[in-house]
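Here is the structure we will look at.
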Amino acid sequence: MSPEELPPTRRSFLRAATAGTAAFLGLTAAGCGFAPGDDPAGRATAEAPIDVKVDGDLVYFNWADFVDPAVFEGFEKEYGVKVVQSNFDSMEGMAAKLNAGNRYDIVFPTAKWAQRLATGGRLRRIDHSRLKNAEAVFGGYGYFADPWYDPGSAHTVPFTMYKTGIGWRRDRLGDLTGSWDDLWNEQAKGKVFVLDDRDEVLGLGALKLGLGLTTGDPGELARVTDTLHTLRPRLRGFSSDSYNNLLNGNADMTQAWSGDMAAMLAQAEDPAVFGFEVARQGAPVNSDCYAIPANAQHPGTAMLFIDYMLRPENVKKNIAYIGYPMPVRGTEDTYSALVEPFPQCLVTADDLKADLFFRNGTARGEQARDAAWTAVKAG
């Protein structure tokens with residue numbers, strides 16, 4: 001397969017952060033949620049138990065190409081429904097659609113966006129006892145029984161897990177040192193990419209300096225920006241198409257999500273040419289979640305879909321298809337086998353407990369982070 005024919009990474013255009021997000025997302029003064037609705041009836045509906053039964057076709061809103069088509073087909077056949085798919089290209093894009101009143105039955109926010117949605121009263125409560133397969137998640141991964149972004153996982157079920165590190169070409173650079181400092185590698189100068197993502201890039205600078213991952217302090221952000229300015233002349237660019245950049249030779253080194261590196265293995269003629277490391281200063285970790293919007297028209301079908309997706313045989317299909325691990329007990333060996341050449345792609349309980357999740361900040365802190373990101377990209 002020629003470089004021009006390589007399929008796009010499933011997150012190649014899905015993570016670009018947008019400056020000024022606080023202004024148009026309708027965040028609360030605390031900067032951590034959507035402005036709560038003032039409809040008491042709507043609030044009551046959001047908290048009411050959902051009858052787990054077919055109540056219409058499934059209106060699905062997710063990243064593009066993020067579920068194995070065979071799993072969709074199986075769900076449609078078993079329950080006699082259709083999956084009506086729409087895709088977003090960023091969390092900001094998802095939020096804008098929800099704020100505009102668009103109605104979906106199932107959405108897939110990242111952890112901090114799940115917190116915003118739940119805090120703003122935009123999600124239905126999910127009774128895990130009504131999901132036959134939920135115990136494989138919450139009984140096997142204690143972290144998700146009471147995550148910071150959704151106490152008691154009252155409105156969410158975790159979908160994927162992943163962390164951020166560095167992918168590189170061993171054939172050109174040899175071994176690396178296991179540090180964010182490796183992005184400043186003299187030998188790779190001019191062939192380095194970082195992700196086109198505000199939190200990820202500011203985060204690597206903060207971790208390199210020993211600062212909080214999502215600091216909103218202007219003084220600390222000035223130090224982060226100064227550090228990243230020394231990297232800027234060494235970069236070939238900002239791109240979230242991490243595995244294609246490595247495969248086609250555009251990059252010798254790139255900041256990368258572990259799931260994309262795992263997906264790359266299916267395309268690499270010789271995996272030994274490539275490597276993936278997490279930095280000793282810390283690796284950001286994140287999770288995508290299943291969530292049912294408060295205005296969903298078919299929440300019963302959405303619950304059936306979540307339960308269907310949690311069946312181990314379907315989890316294994318999706319792991320193989322997208323390259324991201326899923327916190328469902330009994331599927332760990334599937335992912336371990338997939339990432340055998342890149343063992344640092346594994347996400348463990350210790351990774352989750354390290355608590356290096358991107359958090360929501362205050363409105364002022366988010367504005368400071370937007371300004372820092374603008375300065376970094378400007379060079």
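Following the order of the structure tokens, first chain is A, next is B, and so on, with residues numbered from 1 inside each chain and ligands from 1 in the order they appear.
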
Test item: residues at most 10 Å from Leu352 (chain A), only C-alpha atoms, excluding those fewer than 3 positions along its chain, as a PDB file with C-alpha atoms, in the first residue's frame:
ATOM      1  CA  TYR A 141     -12.011  -1.990  36.883  1.00  0.00           C
ATOM      2  CA  GLY A 142     -12.589  -0.391  40.246  1.00  0.00           C
ATOM      3  CA  TYR A 143     -11.454   3.013  39.051  1.00  0.00           C
ATOM      4  CA  PHE A 144     -14.581   3.427  36.956  1.00  0.00           C
ATOM      5  CA  PRO A 147     -14.476   8.265  38.616  1.00  0.00           C
ATOM      6  CA  MET A 161      -8.900   3.863  27.589  1.00  0.00           C
ATOM      7  CA  TYR A 162      -5.696   5.301  26.160  1.00  0.00           C
ATOM      8  CA  LYS A 163      -2.589   7.249  27.041  1.00  0.00           C
ATOM      9  CA  PRO A 284      -1.588  11.580  30.148  1.00  0.00           C
ATOM     10  CA  VAL A 285      -4.421   9.052  30.271  1.00  0.00           C
ATOM     11  CA  ASN A 286      -7.986   9.433  29.069  1.00  0.00           C
ATOM     12  CA  SER A 287     -11.223   7.558  28.525  1.00  0.00           C
ATOM     13  CA  VAL A 347      -3.324   0.865  30.052  1.00  0.00           C
ATOM     14  CA  THR A 348      -3.206  -0.540  33.565  1.00  0.00           C
ATOM     15  CA  ALA A 349      -4.951   0.115  36.858  1.00  0.00           C
ATOM     16  CA  ASP A 355      -4.691  10.481  37.776  1.00  0.00           C
ATOM     17  CA  LEU A 356      -3.062  12.198  34.811  1.00  0.00           C
ATOM     18  CA  PHE A 357      -6.413  12.981  33.215  1.00  0.00           C
TER      19      PHE A 357
END

Skipping near chain neighbours, those fewer than 6 positions away, what residues fall within 9 Å of region 373-378 of chain A using only C-alpha atoms, listed as a list in words?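 Final neighbour list, sorted by chain and number: Ala19, Asp197, Arg198, Asp199, Val201, Leu202, Thr225, Asp226, Leu228, His229, Arg232 and Phe238 of chain A.
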
Could you please take those selected residues and save N, CA, C and O atoms as an mmCIF file, in the first residue's frame?
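Output saved as result.cif:
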data_model
loop_
_atom_site.group_PDB
_atom_site.id
_atom_site.type_symbol
_atom_site.label_atom_id
_atom_site.label_comp_id
_atom_site.auth_asym_id
_atom_site.auth_seq_id
_atom_site.Cartn_x
_atom_site.Cartn_y
_atom_site.Cartn_z
ATOM 1 N N ALA A 19 -9.670 27.231 20.103
ATOM 2 C CA ALA A 19 -9.497 28.336 21.039
ATOM 3 C C ALA A 19 -10.837 28.998 21.309
ATOM 4 O O ALA A 19 -11.731 29.002 20.480
ATOM 5 N N ASP A 197 -3.450 19.390 19.322
ATOM 6 C CA ASP A 197 -4.367 19.279 20.445
ATOM 7 C C ASP A 197 -3.831 20.127 21.591
ATOM 8 O O ASP A 197 -2.718 19.902 22.076
ATOM 9 N N ARG A 198 -4.613 21.100 22.010
ATOM 10 C CA ARG A 198 -4.168 22.035 23.044
ATOM 11 C C ARG A 198 -3.712 21.347 24.311
ATOM 12 O O ARG A 198 -2.589 21.565 24.800
ATOM 13 N N ASP A 199 -4.579 20.517 24.887
ATOM 14 C CA ASP A 199 -4.259 19.915 26.176
ATOM 15 C C ASP A 199 -3.048 19.001 26.084
ATOM 16 O O ASP A 199 -2.211 18.973 26.991
ATOM 17 N N VAL A 201 -0.437 19.087 23.987
ATOM 18 C CA VAL A 201 0.835 19.782 23.795
ATOM 19 C C VAL A 201 1.216 20.583 25.031
ATOM 20 O O VAL A 201 2.367 20.523 25.501
ATOM 21 N N LEU A 202 0.261 21.336 25.594
ATOM 22 C CA LEU A 202 0.571 22.043 26.838
ATOM 23 C C LEU A 202 0.901 21.044 27.938
ATOM 24 O O LEU A 202 1.757 21.302 28.800
ATOM 25 N N THR A 225 4.997 27.696 27.869
ATOM 26 C CA THR A 225 5.092 28.283 26.533
ATOM 27 C C THR A 225 6.546 28.526 26.142
ATOM 28 O O THR A 225 6.957 28.232 25.012
ATOM 29 N N ASP A 226 7.352 29.027 27.078
ATOM 30 C CA ASP A 226 8.775 29.255 26.798
ATOM 31 C C ASP A 226 9.464 27.937 26.436
ATOM 32 O O ASP A 226 10.285 27.889 25.510
ATOM 33 N N LEU A 228 8.063 25.201 25.182
ATOM 34 C CA LEU A 228 7.582 24.711 23.888
ATOM 35 C C LEU A 228 8.088 25.566 22.732
ATOM 36 O O LEU A 228 8.249 25.063 21.612
ATOM 37 N N HIS A 229 8.400 26.827 22.989
ATOM 38 C CA HIS A 229 8.984 27.662 21.941
ATOM 39 C C HIS A 229 10.358 27.142 21.534
ATOM 40 O O HIS A 229 10.778 27.333 20.377
ATOM 41 N N ARG A 232 9.552 24.429 19.047
ATOM 42 C CA ARG A 232 8.855 24.847 17.831
ATOM 43 C C ARG A 232 9.742 24.823 16.586
ATOM 44 O O ARG A 232 9.315 24.308 15.539
ATOM 45 N N PHE A 238 2.199 20.365 13.426
ATOM 46 C CA PHE A 238 1.200 19.875 14.361
ATOM 47 C C PHE A 238 0.274 18.956 13.577
ATOM 48 O O PHE A 238 -0.318 19.363 12.575
#

So that I can check the surroundings of Asp252 (chain A), please list as a compact mmCIF listing (two decimals) with all heavy atoms, in the first residue's frame every protein, DNA and RNA residue that reaches within 6 Å of it, counting only C-alpha atoms and ignoring chain neighbours fewer than 5 positions away.
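Saved to selection.txt:
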# COMPACT_ATOMS: atom_id res chain seq x y z
N TRP A 168 8.07 6.54 17.36
CA TRP A 168 9.26 6.92 16.59
C TRP A 168 9.70 5.77 15.68
O TRP A 168 9.24 4.64 15.81
CB TRP A 168 10.39 7.36 17.50
CG TRP A 168 11.23 6.27 18.11
CD1 TRP A 168 12.46 5.84 17.68
CD2 TRP A 168 10.94 5.49 19.29
NE1 TRP A 168 12.95 4.85 18.50
CE2 TRP A 168 12.04 4.62 19.49
CE3 TRP A 168 9.86 5.44 20.16
CZ2 TRP A 168 12.06 3.71 20.55
CZ3 TRP A 168 9.90 4.54 21.21
CH2 TRP A 168 10.99 3.69 21.40
N ARG A 169 10.62 6.11 14.76
CA ARG A 169 11.18 5.13 13.85
C ARG A 169 12.55 4.68 14.38
O ARG A 169 13.52 5.45 14.37
CB ARG A 169 11.31 5.71 12.45
CG ARG A 169 9.97 6.03 11.80
CD ARG A 169 10.12 6.34 10.33
NE ARG A 169 10.68 5.21 9.60
CZ ARG A 169 10.07 4.60 8.57
NH1 ARG A 169 8.87 5.01 8.18
NH2 ARG A 169 10.66 3.60 7.95
N LYS A 191 11.89 16.60 11.67
CA LYS A 191 11.04 15.44 11.33
C LYS A 191 10.21 15.02 12.55
O LYS A 191 9.92 13.85 12.75
CB LYS A 191 11.92 14.27 10.85
CG LYS A 191 12.70 14.55 9.59
CD LYS A 191 11.80 14.72 8.39
CE LYS A 191 11.12 13.44 7.94
NZ LYS A 191 12.02 12.52 7.22

Who sits within 9 Å of Arg234 (chain A), only C-alpha atoms, same chain under 5 positions skipped, as a VMD selection string: chain A and resid 183 to 186 188 to 193

Within 7 Å of Thr164 (chain A), counting only C-alpha atoms, which residues show up once you throw out same-chain ones fewer than 4 positions away? Write them as a list in words, please. Ala256, Trp257, Ser258, Val278, Ala283, Pro284 and Val285 of chain A

Selected residues written out with all heavy atoms, as a tab-separated table (two decimals), in the first residue's frame:
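Below you can see out.tsv, which holds the result:
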chain	number	residue	atom	x	y	z
A	256	ALA	N	2.00	10.85	20.27
A	256	ALA	CA	0.99	9.94	19.72
A	256	ALA	C	0.12	9.35	20.81
A	256	ALA	O	0.56	9.16	21.95
A	256	ALA	CB	1.67	8.81	18.94
A	257	TRP	N	-1.12	9.02	20.43
A	257	TRP	CA	-2.00	8.26	21.31
A	257	TRP	C	-1.72	6.78	21.18
A	257	TRP	O	-1.48	6.26	20.07
A	257	TRP	CB	-3.47	8.55	20.97
A	257	TRP	CG	-3.88	9.94	21.31
A	257	TRP	CD1	-3.95	10.49	22.55
A	257	TRP	CD2	-4.29	10.96	20.41
A	257	TRP	NE1	-4.38	11.80	22.48
A	257	TRP	CE2	-4.60	12.11	21.17
A	257	TRP	CE3	-4.45	11.03	19.01
A	257	TRP	CZ2	-5.03	13.31	20.60
A	257	TRP	CZ3	-4.88	12.22	18.44
A	257	TRP	CH2	-5.16	13.34	19.24
A	258	SER	N	-1.74	6.10	22.30
A	258	SER	CA	-1.40	4.67	22.31
A	258	SER	C	-2.28	3.87	21.36
A	258	SER	O	-1.80	2.94	20.69
A	258	SER	CB	-1.51	4.12	23.73
A	258	SER	OG	-2.82	4.32	24.27
A	278	VAL	N	6.29	5.65	26.72
A	278	VAL	CA	5.67	6.65	27.58
A	278	VAL	C	6.77	7.27	28.42
A	278	VAL	O	7.74	6.61	28.79
A	278	VAL	CB	4.57	6.04	28.47
A	278	VAL	CG1	3.41	5.56	27.62
A	278	VAL	CG2	5.09	4.91	29.33
A	283	ALA	N	2.54	10.06	31.74
A	283	ALA	CA	1.80	9.88	30.50
A	283	ALA	C	0.35	10.26	30.73
A	283	ALA	O	-0.33	9.64	31.55
A	283	ALA	CB	1.90	8.44	30.01
A	284	PRO	N	-0.16	11.28	30.03
A	284	PRO	CA	-1.59	11.58	30.15
A	284	PRO	C	-2.43	10.36	29.79
A	284	PRO	O	-2.09	9.59	28.88
A	284	PRO	CB	-1.80	12.71	29.13
A	284	PRO	CG	-0.45	13.34	28.99
A	284	PRO	CD	0.53	12.21	29.13
A	285	VAL	N	-3.51	10.18	30.52
A	285	VAL	CA	-4.42	9.05	30.27
A	285	VAL	C	-5.82	9.61	30.09
A	285	VAL	O	-6.15	10.68	30.62
A	285	VAL	CB	-4.37	8.03	31.43
A	285	VAL	CG1	-4.90	8.63	32.72
A	285	VAL	CG2	-5.09	6.74	31.10

Residues of region 163-328 of chain A classed as alpha helix (DSSP H) by DSSP on the backbone are to be reported as a ChimeraX atom specification. /A:170-173,198-208,218-231,242-247,258-264,299-309,312-322

Can you list every residue of region 292-326 of chain A that has an atom at most 10 Å from region 73-78 of chain A, with its nearest atom pair and the distance in Å to one decimal, using only C-alpha atoms, ordered by chain then number, as a Markdown table?
| residue | atom | partner | partner_atom | distance |
| --- | --- | --- | --- | --- |
| A:Leu304 | CA | A:Phe75 | CA | 8.9 |
| A:Phe305 | CA | A:Phe75 | CA | 7.2 |
| A:Tyr308 | CA | A:Phe75 | CA | 7.1 |
| A:Met309 | CA | A:Phe75 | CA | 8.7 |
| A:Asn314 | CA | A:Gly74 | CA | 9.3 |

Can you spit out the residues from that selection as a PDB file, in the first residue's frame, using N, CA, C and O atoms?
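Dumped to out-v4.pdb:
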ATOM      1  N   LEU A 304     -29.831  -0.899  25.399  1.00  0.00           N
ATOM      2  CA  LEU A 304     -29.588  -2.201  24.773  1.00  0.00           C
ATOM      3  C   LEU A 304     -28.279  -2.180  23.991  1.00  0.00           C
ATOM      4  O   LEU A 304     -27.528  -3.171  23.997  1.00  0.00           O
ATOM      5  N   PHE A 305     -28.013  -1.061  23.330  1.00  0.00           N
ATOM      6  CA  PHE A 305     -26.780  -0.954  22.557  1.00  0.00           C
ATOM      7  C   PHE A 305     -25.552  -0.998  23.465  1.00  0.00           C
ATOM      8  O   PHE A 305     -24.569  -1.691  23.169  1.00  0.00           O
ATOM      9  N   TYR A 308     -25.074  -4.487  24.590  1.00  0.00           N
ATOM     10  CA  TYR A 308     -24.591  -5.309  23.475  1.00  0.00           C
ATOM     11  C   TYR A 308     -23.106  -5.060  23.232  1.00  0.00           C
ATOM     12  O   TYR A 308     -22.332  -5.997  23.007  1.00  0.00           O
ATOM     13  N   MET A 309     -22.698  -3.809  23.281  1.00  0.00           N
ATOM     14  CA  MET A 309     -21.300  -3.460  23.069  1.00  0.00           C
ATOM     15  C   MET A 309     -20.396  -4.024  24.161  1.00  0.00           C
ATOM     16  O   MET A 309     -19.205  -4.257  23.936  1.00  0.00           O
ATOM     17  N   ASN A 314     -18.029  -8.873  21.451  1.00  0.00           N
ATOM     18  CA  ASN A 314     -18.089  -7.617  20.699  1.00  0.00           C
ATOM     19  C   ASN A 314     -16.965  -6.676  21.099  1.00  0.00           C
ATOM     20  O   ASN A 314     -16.428  -5.941  20.262  1.00  0.00           O
TER      21      ASN A 314
END

Which of region 118-339 of chain A end up as strand (DSSP E or B) when DSSP is run on this backbone - answer as a PyMOL selection string? chain A and resi 123+156-169+192-194+235-238+253-257+274-277+285-291+293

Record the distance separating CA of Thr45 (chain A) and CA of Pro327 (chain A), expressed in Å with one decimal. 28.9 Å
